[in-house]
$ cat my_file-v1.cif   # mmCIF, C-alpha atoms
data_data
#
loop_
_atom_site.label_atom_id
_atom_site.label_comp_id
_atom_site.auth_asym_id
_atom_site.auth_seq_id
_atom_site.Cartn_x
_atom_site.Cartn_y
_atom_site.Cartn_z
CA MET A 127 0.00 0.00 0.00
CA SER A 128 1.17 3.52 -0.74
CA ASP A 129 1.33 6.21 1.93
CA TRP A 130 -1.97 7.83 0.98
CA THR A 131 -3.97 4.70 1.76
CA ASP A 132 -2.79 4.96 5.36
CA GLN A 133 -4.79 8.20 5.61
CA ILE A 134 -8.15 6.83 4.48
CA PRO A 135 -10.97 5.60 6.78
CA GLN A 136 -10.92 2.05 8.10
CA ALA A 137 -13.90 0.97 5.98
CA ALA A 138 -12.05 1.98 2.80
CA ARG A 139 -8.89 0.19 3.97
CA ASP A 140 -10.92 -2.93 4.72
CA TYR A 141 -12.50 -2.79 1.26
CA ILE A 142 -9.19 -2.80 -0.58
CA ALA A 143 -7.36 -5.10 1.86
CA ASN A 144 -5.56 -7.96 0.10
CA ARG A 145 -6.88 -6.76 -3.25
CA ARG A 146 -5.38 -4.64 -5.98
CA LEU A 147 -6.95 -1.19 -6.09
CA ASP A 148 -7.76 -0.55 -9.75
CA GLU A 149 -9.23 2.94 -9.91
CA VAL A 150 -9.83 6.13 -7.94
CA GLU A 151 -12.69 8.48 -8.75
CA CYS A 152 -11.69 12.07 -7.94
CA ILE A 153 -14.93 14.00 -7.48
CA VAL A 154 -16.49 17.30 -6.43
CA SER A 155 -20.14 18.32 -6.17
CA ASP A 156 -21.45 20.79 -8.72
CA ILE A 157 -24.33 23.21 -8.04
CA ALA A 158 -26.93 20.48 -8.58
CA GLY A 159 -25.11 17.95 -6.39
CA VAL A 160 -23.93 15.94 -9.40
CA ALA A 161 -20.50 14.34 -8.99
CA ARG A 162 -18.00 15.87 -11.41
CA GLY A 163 -14.35 14.98 -11.77
CA LYS A 164 -12.02 12.37 -13.17
CA ALA A 165 -11.43 8.66 -12.79
CA MET A 166 -7.82 7.53 -12.94
CA PRO A 167 -5.78 4.39 -12.36
CA ALA A 168 -4.82 4.02 -8.72
CA SER A 169 -1.15 3.93 -9.70
CA LYS A 170 -1.44 7.38 -11.26
CA PHE A 171 -3.47 8.79 -8.37
CA SER A 172 -0.76 7.76 -5.91
CA LYS A 173 1.85 9.78 -7.82
CA GLN A 174 0.09 13.15 -7.94
CA SER A 175 -1.12 15.34 -5.10
CA SER A 176 -3.70 17.32 -7.07
CA PHE A 177 -5.33 17.76 -10.45
CA PHE A 178 -7.17 20.46 -12.39
CA LEU A 179 -10.75 21.10 -13.51
CA PRO A 180 -12.25 24.28 -15.02
CA ASN A 181 -14.20 26.35 -12.51
CA SER A 182 -16.98 26.61 -15.10
CA ILE A 183 -18.44 23.34 -13.79
CA PHE A 184 -20.22 25.54 -11.23
CA LEU A 185 -22.03 27.31 -14.09
CA GLN A 186 -23.43 24.12 -15.63
CA THR A 187 -27.21 23.70 -15.42
CA ILE A 188 -29.08 20.49 -14.69
CA THR A 189 -29.80 20.17 -18.43
CA GLY A 190 -26.13 20.41 -19.36
CA GLU A 191 -26.30 23.98 -20.61
CA TRP A 192 -23.97 26.72 -19.39
CA ALA A 193 -25.07 29.89 -17.64
CA ASP A 194 -23.33 33.15 -18.46
CA ASN A 195 -20.58 34.04 -16.02
CA PRO A 196 -22.06 36.77 -13.79
CA ILE A 197 -18.59 37.86 -12.66
CA GLY A 198 -16.17 38.80 -15.44
CA SER A 199 -15.60 37.02 -18.72
CA PHE A 200 -16.01 33.32 -19.41
CA THR A 201 -12.32 32.31 -19.58
CA GLU A 202 -12.77 29.01 -17.70
CA PRO A 203 -9.62 29.13 -15.57
CA ASP A 204 -8.56 25.92 -13.89
CA MET A 205 -9.05 25.35 -10.20
CA ILE A 206 -6.86 22.96 -8.22
CA LEU A 207 -8.45 19.93 -6.57
CA TYR A 208 -6.82 18.34 -3.53
CA PRO A 209 -8.03 14.99 -2.16
CA ASP A 210 -9.70 14.90 1.23
CA TYR A 211 -8.57 11.41 2.19
CA SER A 212 -11.03 11.30 5.11
CA THR A 213 -13.83 10.99 2.51
CA ALA A 214 -12.40 7.96 0.69
CA THR A 215 -15.05 5.29 0.33
CA ALA A 216 -15.74 2.22 -1.75
CA ALA A 217 -17.74 2.13 -4.97
CA PRO A 218 -18.89 -1.47 -4.38
CA TRP A 219 -21.18 -1.67 -7.44
CA THR A 220 -18.28 -1.32 -9.90
CA ALA A 221 -16.70 -4.29 -11.67
CA ASP A 222 -13.21 -3.25 -10.57
CA VAL A 223 -11.96 -2.40 -7.10
CA THR A 224 -12.67 1.33 -6.97
CA LEU A 225 -12.54 4.09 -4.37
CA GLN A 226 -14.27 7.47 -4.49
CA VAL A 227 -12.52 10.48 -2.97
CA ILE A 228 -14.09 13.92 -2.56
CA HIS A 229 -11.71 16.76 -3.35
CA ASP A 230 -11.42 20.30 -2.03
CA ALA A 231 -11.40 23.06 -4.67
CA VAL A 232 -9.01 26.00 -4.39
CA ASN A 233 -8.09 28.67 -6.90
CA GLN A 234 -4.57 29.18 -8.23
CA SER A 235 -3.85 31.60 -5.37
CA GLY A 236 -4.63 28.86 -2.86
CA GLU A 237 -7.96 30.31 -1.68
CA PRO A 238 -11.07 28.11 -1.42
CA VAL A 239 -13.25 28.39 -4.52
CA GLY A 240 -16.28 30.30 -3.22
CA THR A 241 -18.67 28.78 -5.73
CA ALA A 242 -17.94 25.16 -4.75
CA PRO A 243 -20.92 23.90 -2.70
CA ARG A 244 -18.76 22.01 -0.18
CA ASN A 245 -16.77 25.19 0.44
CA VAL A 246 -20.01 27.13 0.96
CA LEU A 247 -20.99 24.73 3.75
CA LYS A 248 -17.50 24.89 5.27
CA ARG A 249 -17.80 28.68 5.25
CA ILE A 250 -21.02 28.55 7.30
CA VAL A 251 -19.59 26.02 9.77
CA GLN A 252 -16.58 28.31 10.26
CA LEU A 253 -18.89 31.25 11.07
CA TYR A 254 -20.28 29.17 13.94
CA ALA A 255 -16.77 28.19 15.03
CA ASP A 256 -15.76 31.86 15.12
CA GLN A 257 -18.45 32.34 17.78
CA GLY A 258 -17.34 29.30 19.77
CA TRP A 259 -20.15 27.08 18.48
CA LYS A 260 -20.35 23.75 16.68
CA PRO A 261 -23.51 23.04 14.66
CA ILE A 262 -24.90 19.50 14.68
CA VAL A 263 -27.32 18.18 12.06
CA ALA A 264 -29.30 15.00 11.51
CA PRO A 265 -30.74 14.66 7.99
CA GLU A 266 -33.63 12.48 6.87
CA MET A 267 -33.60 11.29 3.27
CA GLU A 268 -36.85 10.53 1.43
CA PHE A 269 -36.92 9.08 -2.07
CA PHE A 270 -39.06 7.01 -4.41
CA LEU A 271 -38.34 3.66 -5.98
CA THR A 272 -40.12 3.66 -9.34
CA ALA A 273 -40.59 1.48 -12.38
CA ARG A 274 -38.07 2.22 -15.11
CA ASN A 275 -39.12 5.34 -16.98
CA ILE A 276 -37.34 5.51 -20.33
CA ASP A 277 -39.84 7.87 -22.00
CA PRO A 278 -39.96 11.30 -20.31
CA ASN A 279 -43.39 11.88 -21.90
CA MET A 280 -44.88 9.08 -19.82
CA PRO A 281 -45.87 9.52 -16.15
CA VAL A 282 -43.67 7.94 -13.49
CA MET A 283 -45.16 4.70 -12.09
CA PRO A 284 -44.56 2.90 -8.78
CA PRO A 285 -42.35 -0.19 -9.00
CA MET A 286 -43.57 -3.75 -9.20
CA GLY A 287 -43.18 -5.49 -5.84
CA ARG A 288 -42.36 -9.11 -5.10
CA SER A 289 -46.11 -9.80 -4.85
CA GLY A 290 -46.48 -8.97 -8.54
CA ARG A 291 -48.44 -5.82 -7.70
CA ARG A 292 -47.29 -2.25 -7.94
CA ALA A 293 -46.30 -0.60 -4.69
CA ALA A 294 -49.25 1.11 -3.03
CA GLY A 295 -49.37 4.51 -1.37
CA ARG A 296 -50.79 5.45 2.04
CA GLN A 297 -48.88 2.64 3.75
CA ALA A 298 -46.63 4.76 5.96
CA TYR A 299 -44.54 2.74 8.42
CA SER A 300 -45.79 -0.55 6.99
CA MET A 301 -43.18 -3.29 7.27
CA SER A 302 -44.95 -5.34 4.59
CA ALA A 303 -44.68 -2.42 2.17
CA VAL A 304 -40.91 -2.26 2.73
CA ASP A 305 -40.69 -6.04 2.17
CA GLU A 306 -42.19 -5.56 -1.31
CA TYR A 307 -38.83 -4.23 -2.51
CA GLY A 308 -36.69 -5.81 0.17
CA LYS A 309 -33.91 -6.82 -2.23
CA VAL A 310 -33.21 -3.18 -3.06
CA ILE A 311 -33.16 -2.33 0.65
CA ASP A 312 -30.79 -5.24 1.29
CA ASP A 313 -28.35 -3.88 -1.30
CA ILE A 314 -28.62 -0.38 0.19
CA TYR A 315 -27.64 -1.81 3.58
CA ASP A 316 -24.80 -3.86 2.06
CA PHE A 317 -23.39 -0.95 0.07
CA ALA A 318 -23.65 1.38 3.07
CA GLU A 319 -21.78 -1.09 5.27
CA LEU A 320 -19.00 -1.48 2.72
CA GLN A 321 -18.76 2.30 2.47
CA GLY A 322 -18.63 2.74 6.24
CA PHE A 323 -21.92 4.65 6.53
CA GLU A 324 -24.23 4.37 9.52
CA ILE A 325 -27.96 4.14 8.80
CA ASP A 326 -30.12 5.07 11.78
CA GLY A 327 -33.23 3.50 10.29
CA ILE A 328 -35.20 2.74 7.11
CA LEU A 329 -38.97 3.04 6.90
CA GLN A 330 -41.84 3.13 4.43
CA GLU A 331 -43.14 6.65 3.85
CA GLY A 332 -46.63 7.65 2.71
CA GLY A 333 -46.07 7.52 -1.04
CA ALA A 334 -46.19 4.49 -3.32
CA GLY A 335 -42.64 3.11 -3.27
CA GLN A 336 -41.47 5.99 -1.05
CA VAL A 337 -38.70 5.20 1.43
CA GLU A 338 -37.07 7.23 4.19
CA ILE A 339 -33.53 6.74 5.48
CA ASN A 340 -32.49 8.44 8.71
CA LEU A 341 -28.84 9.23 9.38
CA ALA A 342 -27.26 9.61 12.82
CA HIS A 343 -26.57 13.19 13.93
CA GLY A 344 -23.12 14.65 13.47
CA ASP A 345 -20.86 17.13 11.69
CA PRO A 346 -22.62 19.01 8.84
CA VAL A 347 -19.84 18.58 6.26
CA LYS A 348 -19.42 14.87 7.01
CA LEU A 349 -23.15 14.24 6.73
CA ALA A 350 -23.47 16.28 3.53
CA ASP A 351 -20.64 14.13 2.11
CA GLU A 352 -22.58 11.01 3.09
CA ILE A 353 -25.82 12.19 1.46
CA PHE A 354 -23.81 13.07 -1.66
CA PHE A 355 -22.50 9.49 -1.68
CA PHE A 356 -25.83 7.96 -0.62
CA LYS A 357 -27.72 9.32 -3.62
CA ARG A 358 -25.41 7.44 -5.96
CA LEU A 359 -25.42 4.35 -3.75
CA ILE A 360 -29.23 4.18 -3.71
CA ARG A 361 -29.52 4.69 -7.47
CA GLU A 362 -27.04 1.87 -8.08
CA ALA A 363 -28.91 -0.47 -5.72
CA ALA A 364 -32.19 0.24 -7.53
CA LEU A 365 -30.70 -0.35 -10.98
CA ARG A 366 -29.55 -3.81 -9.88
CA HIS A 367 -33.22 -4.72 -9.49
CA ASP A 368 -34.66 -3.22 -12.65
CA CYS A 369 -36.08 -0.07 -11.10
CA PHE A 370 -35.13 3.58 -10.62
CA ALA A 371 -34.49 5.54 -7.46
CA THR A 372 -35.42 9.20 -7.74
CA PHE A 373 -34.80 12.14 -5.41
CA MET A 374 -37.08 14.40 -7.44
CA ALA A 375 -39.24 16.44 -5.05
CA LYS A 376 -42.58 15.38 -6.58
CA PRO A 377 -42.17 12.54 -9.12
CA ILE A 378 -45.67 11.02 -9.01
CA GLU A 379 -48.91 12.97 -9.37
CA GLY A 380 -51.20 12.54 -6.37
CA GLU A 381 -48.47 11.19 -4.12
CA PRO A 382 -46.56 13.06 -1.39
CA GLY A 383 -43.26 14.69 -2.21
CA SER A 384 -39.81 13.77 -0.94
CA ALA A 385 -38.17 15.94 1.70
CA MET A 386 -34.76 16.21 3.29
CA HIS A 387 -35.78 17.20 6.82
CA ILE A 388 -32.82 18.66 8.72
CA HIS A 389 -32.60 18.49 12.53
CA HIS A 390 -30.43 21.23 14.05
CA SER A 391 -28.73 21.73 17.36
CA VAL A 392 -25.72 23.83 18.34
CA THR A 393 -23.12 22.99 20.98
CA ASP A 394 -20.60 25.13 22.80
CA ILE A 395 -17.15 24.11 21.59
CA THR A 396 -15.55 24.51 25.03
CA SER A 397 -18.15 22.79 27.20
CA GLY A 398 -19.79 20.51 24.64
CA LYS A 399 -23.20 21.55 25.99
CA ASN A 400 -26.23 22.17 23.80
CA ILE A 401 -26.75 25.95 23.76
CA PHE A 402 -30.49 25.42 23.20
CA SER A 403 -30.88 24.18 26.82
CA ASP A 404 -29.89 25.88 30.08
CA ALA A 405 -28.48 24.24 33.22
CA GLY A 406 -32.01 23.46 34.40
CA GLY A 407 -33.01 21.85 31.11
CA SER A 408 -35.24 24.67 29.89
CA GLU A 409 -35.22 26.32 26.48
CA THR A 410 -32.76 29.19 26.16
CA ASP A 411 -33.22 32.53 24.44
CA GLN A 412 -30.64 31.32 21.92
CA PHE A 413 -33.02 28.52 20.93
CA LEU A 414 -35.75 31.07 20.26
CA HIS A 415 -33.30 33.33 18.41
CA PHE A 416 -32.41 30.36 16.17
CA ILE A 417 -36.10 29.80 15.40
CA ALA A 418 -36.57 33.50 14.64
CA GLY A 419 -33.63 33.40 12.23
CA MET A 420 -35.35 30.57 10.39
CA GLN A 421 -38.63 32.48 10.19
CA ASN A 422 -36.98 35.70 9.05
CA HIS A 423 -34.54 34.32 6.47
CA LEU A 424 -35.86 30.98 5.20
CA PRO A 425 -38.12 32.61 2.57
CA ALA A 426 -34.95 33.84 0.86
CA ALA A 427 -33.28 30.45 1.36
CA VAL A 428 -36.11 28.52 -0.31
CA ALA A 429 -34.35 28.98 -3.66
CA LEU A 430 -31.60 26.72 -2.27
CA LEU A 431 -33.91 24.29 -0.46
CA ALA A 432 -36.29 23.98 -3.43
CA PRO A 433 -33.98 24.42 -6.43
CA TYR A 434 -36.17 23.31 -9.36
CA VAL A 435 -39.57 24.12 -10.83
CA ASN A 436 -40.80 20.69 -9.70
CA SER A 437 -39.77 21.47 -6.09
CA TYR A 438 -42.73 23.81 -5.60
CA ARG A 439 -45.25 21.07 -6.36
CA ARG A 440 -44.35 19.67 -2.94
CA TYR A 441 -45.59 22.69 -0.99
CA VAL A 442 -49.30 21.86 -0.88
CA PRO A 443 -51.54 21.40 2.20
CA ASP A 444 -52.33 17.93 3.57
CA PHE A 445 -49.48 16.17 1.76
CA ALA A 446 -47.20 16.11 4.85
CA ALA A 447 -45.24 19.07 3.50
CA PRO A 448 -45.02 22.55 5.05
CA ILE A 449 -46.60 25.57 3.44
CA ASN A 450 -45.44 28.14 5.99
CA LEU A 451 -42.81 29.00 8.59
CA GLU A 452 -44.85 28.47 11.73
CA TRP A 453 -43.12 26.64 14.58
CA GLY A 454 -44.54 24.22 17.10
CA ARG A 455 -43.69 21.48 19.54
CA ASP A 456 -44.27 18.01 18.12
CA ASN A 457 -46.41 19.51 15.34
CA ARG A 458 -45.76 18.06 11.89
CA THR A 459 -47.98 20.59 10.13
CA THR A 460 -45.46 23.34 10.87
CA GLY A 461 -42.44 24.09 8.72
CA LEU A 462 -40.33 24.35 11.89
CA ARG A 463 -40.94 21.51 14.34
CA ILE A 464 -39.52 20.92 17.81
CA PRO A 465 -39.39 17.13 18.27
CA ILE A 466 -39.85 15.46 21.64
CA SER A 467 -36.38 15.08 23.17
CA SER A 468 -34.27 15.34 26.28
CA ALA A 469 -32.75 18.71 27.18
CA GLU A 470 -29.37 17.51 25.92
CA ALA A 471 -30.85 16.64 22.53
CA ARG A 472 -33.08 19.71 22.15
CA ARG A 473 -33.21 20.57 18.46
CA LEU A 474 -35.20 22.21 15.70
CA GLU A 475 -36.36 20.32 12.61
CA ASN A 476 -36.48 22.29 9.35
CA ARG A 477 -39.08 20.50 7.21
CA LEU A 478 -38.82 22.77 4.16
CA ALA A 479 -35.89 21.28 2.25
CA GLY A 480 -36.67 18.96 -0.63
CA MET A 481 -34.63 15.86 -1.31
CA ASP A 482 -33.80 17.34 -4.71
CA CYS A 483 -31.59 20.01 -3.13
CA ASN A 484 -27.82 19.80 -3.13
CA PRO A 485 -27.10 18.48 0.40
CA TYR A 486 -24.19 20.87 0.91
CA LEU A 487 -26.28 23.87 -0.09
CA GLY A 488 -29.47 22.77 1.67
CA ILE A 489 -27.67 22.25 4.99
CA ALA A 490 -25.60 25.42 4.50
CA ALA A 491 -28.66 27.57 3.79
CA SER A 492 -30.57 26.19 6.77
CA LEU A 493 -27.61 26.69 9.12
CA ALA A 494 -27.07 30.19 7.72
CA CYS A 495 -30.62 31.19 8.67
CA GLY A 496 -30.15 29.88 12.20
CA TYR A 497 -26.79 31.64 12.48
CA LEU A 498 -28.33 34.96 11.45
CA GLY A 499 -30.99 34.45 14.10
CA LEU A 500 -28.36 33.86 16.78
CA MET A 501 -26.54 37.03 15.74
CA GLU A 502 -29.66 39.20 15.38
CA LYS A 503 -31.15 38.01 18.72
CA LYS A 504 -34.77 38.51 17.65
CA MET A 505 -37.72 36.53 19.02
CA PRO A 506 -39.94 34.32 16.85
CA ARG A 507 -43.66 34.68 16.28
CA SER A 508 -45.95 32.93 18.75
CA GLU A 509 -45.98 29.14 18.64
CA CYS A 510 -48.56 27.52 16.36
CA ILE A 511 -50.78 25.30 18.49
CA GLY A 512 -53.26 23.93 15.94
CA SER A 513 -52.87 22.95 12.29
CA ALA A 514 -50.48 25.20 10.43
CA TYR A 515 -52.16 24.18 7.17
CA MET A 516 -54.84 26.73 8.06
CA SER A 517 -52.29 29.57 8.00
CA GLU A 518 -51.32 31.74 5.07
CA THR A 519 -48.26 30.54 3.19
CA ASP A 520 -44.93 32.23 3.90
CA LEU A 521 -43.23 30.58 0.95
CA PRO A 522 -42.65 31.68 -2.63
CA TYR A 523 -44.89 29.94 -5.15
CA ASN A 524 -42.28 29.28 -7.83
CA LEU A 525 -38.55 29.29 -8.53
CA GLY A 526 -38.57 32.77 -10.07
CA ASP A 527 -40.15 34.33 -6.96
CA ALA A 528 -37.74 32.39 -4.73
CA LEU A 529 -34.72 33.71 -6.62
CA ASP A 530 -36.05 37.25 -6.28
CA LEU A 531 -36.26 36.83 -2.49
CA LEU A 532 -32.71 35.49 -2.36
CA GLU A 533 -31.52 38.44 -4.43
CA GLU A 534 -33.12 40.89 -1.97
CA ASN A 535 -31.78 39.36 1.27
CA THR A 536 -28.38 40.99 1.72
CA ALA A 537 -27.74 39.39 5.12
CA LEU A 538 -28.15 35.85 3.79
CA ARG A 539 -26.12 36.62 0.68
CA GLU A 540 -23.28 37.92 2.83
CA VAL A 541 -22.99 34.75 4.91
CA MET A 542 -23.45 32.41 1.93
CA GLY A 543 -20.94 34.39 -0.15
CA GLU A 544 -21.86 37.01 -2.74
CA GLU A 545 -19.89 35.30 -5.53
CA PHE A 546 -21.66 32.01 -4.89
CA CYS A 547 -25.08 33.69 -4.83
CA LYS A 548 -24.42 35.32 -8.20
CA TYR A 549 -23.36 32.00 -9.74
CA TYR A 550 -26.36 30.21 -8.24
CA ASP A 551 -28.76 32.85 -9.51
CA ALA A 552 -27.28 32.65 -13.02
CA VAL A 553 -27.61 28.85 -13.14
CA LYS A 554 -31.14 28.75 -11.76
CA ARG A 555 -32.51 31.56 -13.91
CA ASN A 556 -31.09 29.76 -16.95
CA GLU A 557 -32.90 26.56 -15.90
CA TYR A 558 -36.14 28.45 -15.24
CA LYS A 559 -35.94 30.07 -18.68
CA GLU A 560 -35.46 26.66 -20.30
CA PHE A 561 -38.46 25.26 -18.44
CA LEU A 562 -40.71 28.09 -19.60
CA GLN A 563 -39.94 27.14 -23.21
CA VAL A 564 -41.43 23.65 -22.74
CA ILE A 565 -45.14 23.13 -23.48
CA SER A 566 -46.70 20.69 -20.98
CA PRO A 567 -49.36 17.99 -21.60
CA TRP A 568 -51.79 20.00 -19.40
CA GLU A 569 -51.50 22.97 -21.75
CA ARG A 570 -52.09 20.82 -24.84
CA GLU A 571 -55.05 19.02 -23.23
CA HIS A 572 -56.92 22.05 -21.89
CA LEU A 573 -55.84 24.96 -24.07
CA LEU A 574 -55.27 23.55 -27.55
CA LEU A 575 -58.95 23.44 -28.57
CA ASN A 576 -60.67 25.40 -25.79
CA VAL A 577 -59.21 28.89 -25.80
#
$ encode --input "my_file-v1.cif" --output "structure tokens"
Amino acid sequence: MSDWTDQIPQAARDYIANRRLDEVECIVSDIAGVARGKAMPASKFSKQSSFFLPNSIFLQTITGEWADNPIGSFTEPDMILYPDYSTATAAPWTADVTLQVIHDAVNQSGEPVGTAPRNVLKRIVQLYADQGWKPIVAPEMEFFLTARNIDPNMPVMPPMGRSGRRAAGRQAYSMSAVDEYGKVIDDIYDFAELQGFEIDGILQEGGAGQVEINLAHGDPVKLADEIFFFKRLIREAALRHDCFATFMAKPIEGEPGSAMHIHHSVTDITSGKNIFSDAGGSETDQFLHFIAGMQNHLPAAVALLAPYVNSYRRYVPDFAAPINLEWGRDNRTTGLRIPISSAEARRLENRLAGMDCNPYLGIAASLACGYLGLMEKKMPRSECIGSAYMSETDLPYNLGDALDLLEENTALREVMGEEFCKYYDAVKRNEYKEFLQVISPWEREHLLLNV
């Protein structure tokens, strides 16, 4: 083994033990959360400490188009990518023995590339550290297993289960429903174990073929890395069994959408204590300030939590998705929920983020809102006691409105990074423009002969 393999996690060392490592995938997350980079023979990887990619990958849209550079000319200078060996993990679905390694992006002056999503999250975590705090998150991942959909003009269908019937909706928490596609779940568990990932639990959600995976709480960057890896892992497990896994926010008409709920707490770096609870176990003012920051700044952050036109189909009443920024204790109709917990584990659950968001950017945006609340020291609105579905919506109705709110919120833009916000706006407005050029089946059905 070469020296670099001594720096990788134990799970990765176990995976390549007594075997010849064939290939290393050197990857970064783009704006959409797609893995970009290079694959190279392990022998070559061991001989070089870095490699180059053009920084224009952060201007690429989800359709493969390129947004105009909002800062200067489009010269596509190279950035330098350095491996973060702590992220090395297996790619157990490949034919050869392969490792994936996430890389850190810096410019040619050695400064972190501000438009790289992982760097954006690191920036927010550092803002907490500068105040003596350490943010803790626990994400929940919802997704659908679907039948193969090779014609985009056809609606997405639930997968066929082992019973020979298609998966049915409205079976939340049913163990039998999970058993219908148990072989996919088995592969997810096996891949996760080989990659060294800890799954806190898997359950059937309310949609047909909809699954939720809970991850143990921990460091925001580490967990964002895991979600980044998990999306690929889950897709590969599904493909082994002739179905698709999708993280689209609302893939099936009439079914619930898929969220990435994010649980937040903040600890004092020196004492390790949760700053949301005082010595007597009661809620602190800082906890309320954190909630107020969410209420005041999340409308502008929705563009990052709901990044596509489809994302806004999720925000409808009575489909287990929030439509506002009310907060409440053990109240799942609110966008901001305080789960039942001990004082040590007191936390706030942000239920707004869709599973289609880039995990680095979704977690960064949510933490940024809480950070602003801690710094501004404002109090939240009164707690919502009844159903928050009866309240007026606090959220933008579409991607264009969401981008306008982000553009107007100077405080959020400052903590997220102005350069990043300009890049993000350019990419998303390009995607929105492309979408508006597509004529939908609804328009053809109802407008073609009637108007």
$ atom_distance --input "my_file-v1.cif" --atom1 "atom CA of Phe270 of chain A" --atom2 "atom CA of Glu331 of chain A"
9.2 Å
$ residues_around --input "my_file-v1.cif" --residues "Thr396 of chain A" --least-positions-apart "3" --cutoff "10 Å" --atoms "only C-alpha atoms" --output "number ranges by chain"
A: 258-260, 393, 399
$ resolve_selection --input "my_file-v1.cif" --expression "the PyMOL selection byres ((chain A and resi 496-507) around 7)" --output "list in words"
Gln412, Leu414, His415, Phe416, Ile417, Ala418, Gly419, Met420, Ser492, Leu493, Ala494, Cys495, Ser508 and Glu509 of chain A
$ write_last_selection --input "my_file-v1.cif" --atoms "C-alpha atoms" --output "PDB file, keeping the file's coordinate frame"
ATOM      1  CA  GLN A 412     -30.640  31.320  21.920  1.00  0.00           C
ATOM      2  CA  LEU A 414     -35.750  31.070  20.260  1.00  0.00           C
ATOM      3  CA  HIS A 415     -33.300  33.330  18.410  1.00  0.00           C
ATOM      4  CA  PHE A 416     -32.410  30.360  16.170  1.00  0.00           C
ATOM      5  CA  ILE A 417     -36.100  29.800  15.400  1.00  0.00           C
ATOM      6  CA  ALA A 418     -36.570  33.500  14.640  1.00  0.00           C
ATOM      7  CA  GLY A 419     -33.630  33.400  12.230  1.00  0.00           C
ATOM      8  CA  MET A 420     -35.350  30.570  10.390  1.00  0.00           C
ATOM      9  CA  SER A 492     -30.570  26.190   6.770  1.00  0.00           C
ATOM     10  CA  LEU A 493     -27.610  26.690   9.120  1.00  0.00           C
ATOM     11  CA  ALA A 494     -27.070  30.190   7.720  1.00  0.00           C
ATOM     12  CA  CYS A 495     -30.620  31.190   8.670  1.00  0.00           C
ATOM     13  CA  SER A 508     -45.950  32.930  18.750  1.00  0.00           C
ATOM     14  CA  GLU A 509     -45.980  29.140  18.640  1.00  0.00           C
TER      15      GLU A 509
END
$ residues_near_point --input "my_file-v1.cif" --point "(-39.0, 8.5, 0.8)" --cutoff "12 Å" --atoms "all atoms listed in the file" --output "tab-separated table (two decimals) with C-alpha atoms, in the frame of the given file"
chain	number	residue	atom	x	y	z
A	266	GLU	CA	-33.63	12.48	6.87
A	267	MET	CA	-33.60	11.29	3.27
A	268	GLU	CA	-36.85	10.53	1.43
A	269	PHE	CA	-36.92	9.08	-2.07
A	270	PHE	CA	-39.06	7.01	-4.41
A	271	LEU	CA	-38.34	3.66	-5.98
A	272	THR	CA	-40.12	3.66	-9.34
A	295	GLY	CA	-49.37	4.51	-1.37
A	297	GLN	CA	-48.88	2.64	3.75
A	298	ALA	CA	-46.63	4.76	5.96
A	299	TYR	CA	-44.54	2.74	8.42
A	304	VAL	CA	-40.91	-2.26	2.73
A	328	ILE	CA	-35.20	2.74	7.11
A	329	LEU	CA	-38.97	3.04	6.90
A	330	GLN	CA	-41.84	3.13	4.43
A	331	GLU	CA	-43.14	6.65	3.85
A	332	GLY	CA	-46.63	7.65	2.71
A	333	GLY	CA	-46.07	7.52	-1.04
A	334	ALA	CA	-46.19	4.49	-3.32
A	335	GLY	CA	-42.64	3.11	-3.27
A	336	GLN	CA	-41.47	5.99	-1.05
A	337	VAL	CA	-38.70	5.20	1.43
A	338	GLU	CA	-37.07	7.23	4.19
A	339	ILE	CA	-33.53	6.74	5.48
A	340	ASN	CA	-32.49	8.44	8.71
A	360	ILE	CA	-29.23	4.18	-3.71
A	371	ALA	CA	-34.49	5.54	-7.46
A	372	THR	CA	-35.42	9.20	-7.74
A	373	PHE	CA	-34.80	12.14	-5.41
A	374	MET	CA	-37.08	14.40	-7.44
A	375	ALA	CA	-39.24	16.44	-5.05
A	376	LYS	CA	-42.58	15.38	-6.58
A	377	PRO	CA	-42.17	12.54	-9.12
A	381	GLU	CA	-48.47	11.19	-4.12
A	382	PRO	CA	-46.56	13.06	-1.39
A	383	GLY	CA	-43.26	14.69	-2.21
A	384	SER	CA	-39.81	13.77	-0.94
A	385	ALA	CA	-38.17	15.94	1.70
A	386	MET	CA	-34.76	16.21	3.29
A	387	HIS	CA	-35.78	17.20	6.82
A	446	ALA	CA	-47.20	16.11	4.85
A	480	GLY	CA	-36.67	18.96	-0.63
A	481	MET	CA	-34.63	15.86	-1.31
A	482	ASP	CA	-33.80	17.34	-4.71
$ resolve_selection --input "my_file-v1.cif" --expression "the PyMOL selection byres ((chain A and resi 526) around 9)" --output "list of chain:residue names"
A:Ala429, A:Val435, A:Pro522, A:Tyr523, A:Asn524, A:Leu525, A:Asp527, A:Ala528, A:Leu529, A:Asp530, A:Leu531, A:Lys554, A:Arg555, A:Tyr558
$ closest_atom_pairs --input "my_file-v1.cif" --of "segment 285-332 of chain A" --to "segment 218-221 of chain A" --cutoff "12 Å" --atoms "all atoms listed in the file" --output "JSON lines"
{"residue": "A:Asp313", "atom": "CA", "partner": "A:Trp219", "partner_atom": "CA", "distance": 9.7}
{"residue": "A:Ile314", "atom": "CA", "partner": "A:Trp219", "partner_atom": "CA", "distance": 10.7}
{"residue": "A:Tyr315", "atom": "CA", "partner": "A:Pro218", "partner_atom": "CA", "distance": 11.8}
{"residue": "A:Asp316", "atom": "CA", "partner": "A:Pro218", "partner_atom": "CA", "distance": 9.1}
{"residue": "A:Phe317", "atom": "CA", "partner": "A:Pro218", "partner_atom": "CA", "distance": 6.4}
{"residue": "A:Ala318", "atom": "CA", "partner": "A:Pro218", "partner_atom": "CA", "distance": 9.3}
{"residue": "A:Glu319", "atom": "CA", "partner": "A:Pro218", "partner_atom": "CA", "distance": 10.1}
{"residue": "A:Leu320", "atom": "CA", "partner": "A:Pro218", "partner_atom": "CA", "distance": 7.1}
{"residue": "A:Gln321", "atom": "CA", "partner": "A:Pro218", "partner_atom": "CA", "distance": 7.8}
{"residue": "A:Gly322", "atom": "CA", "partner": "A:Pro218", "partner_atom": "CA", "distance": 11.4}
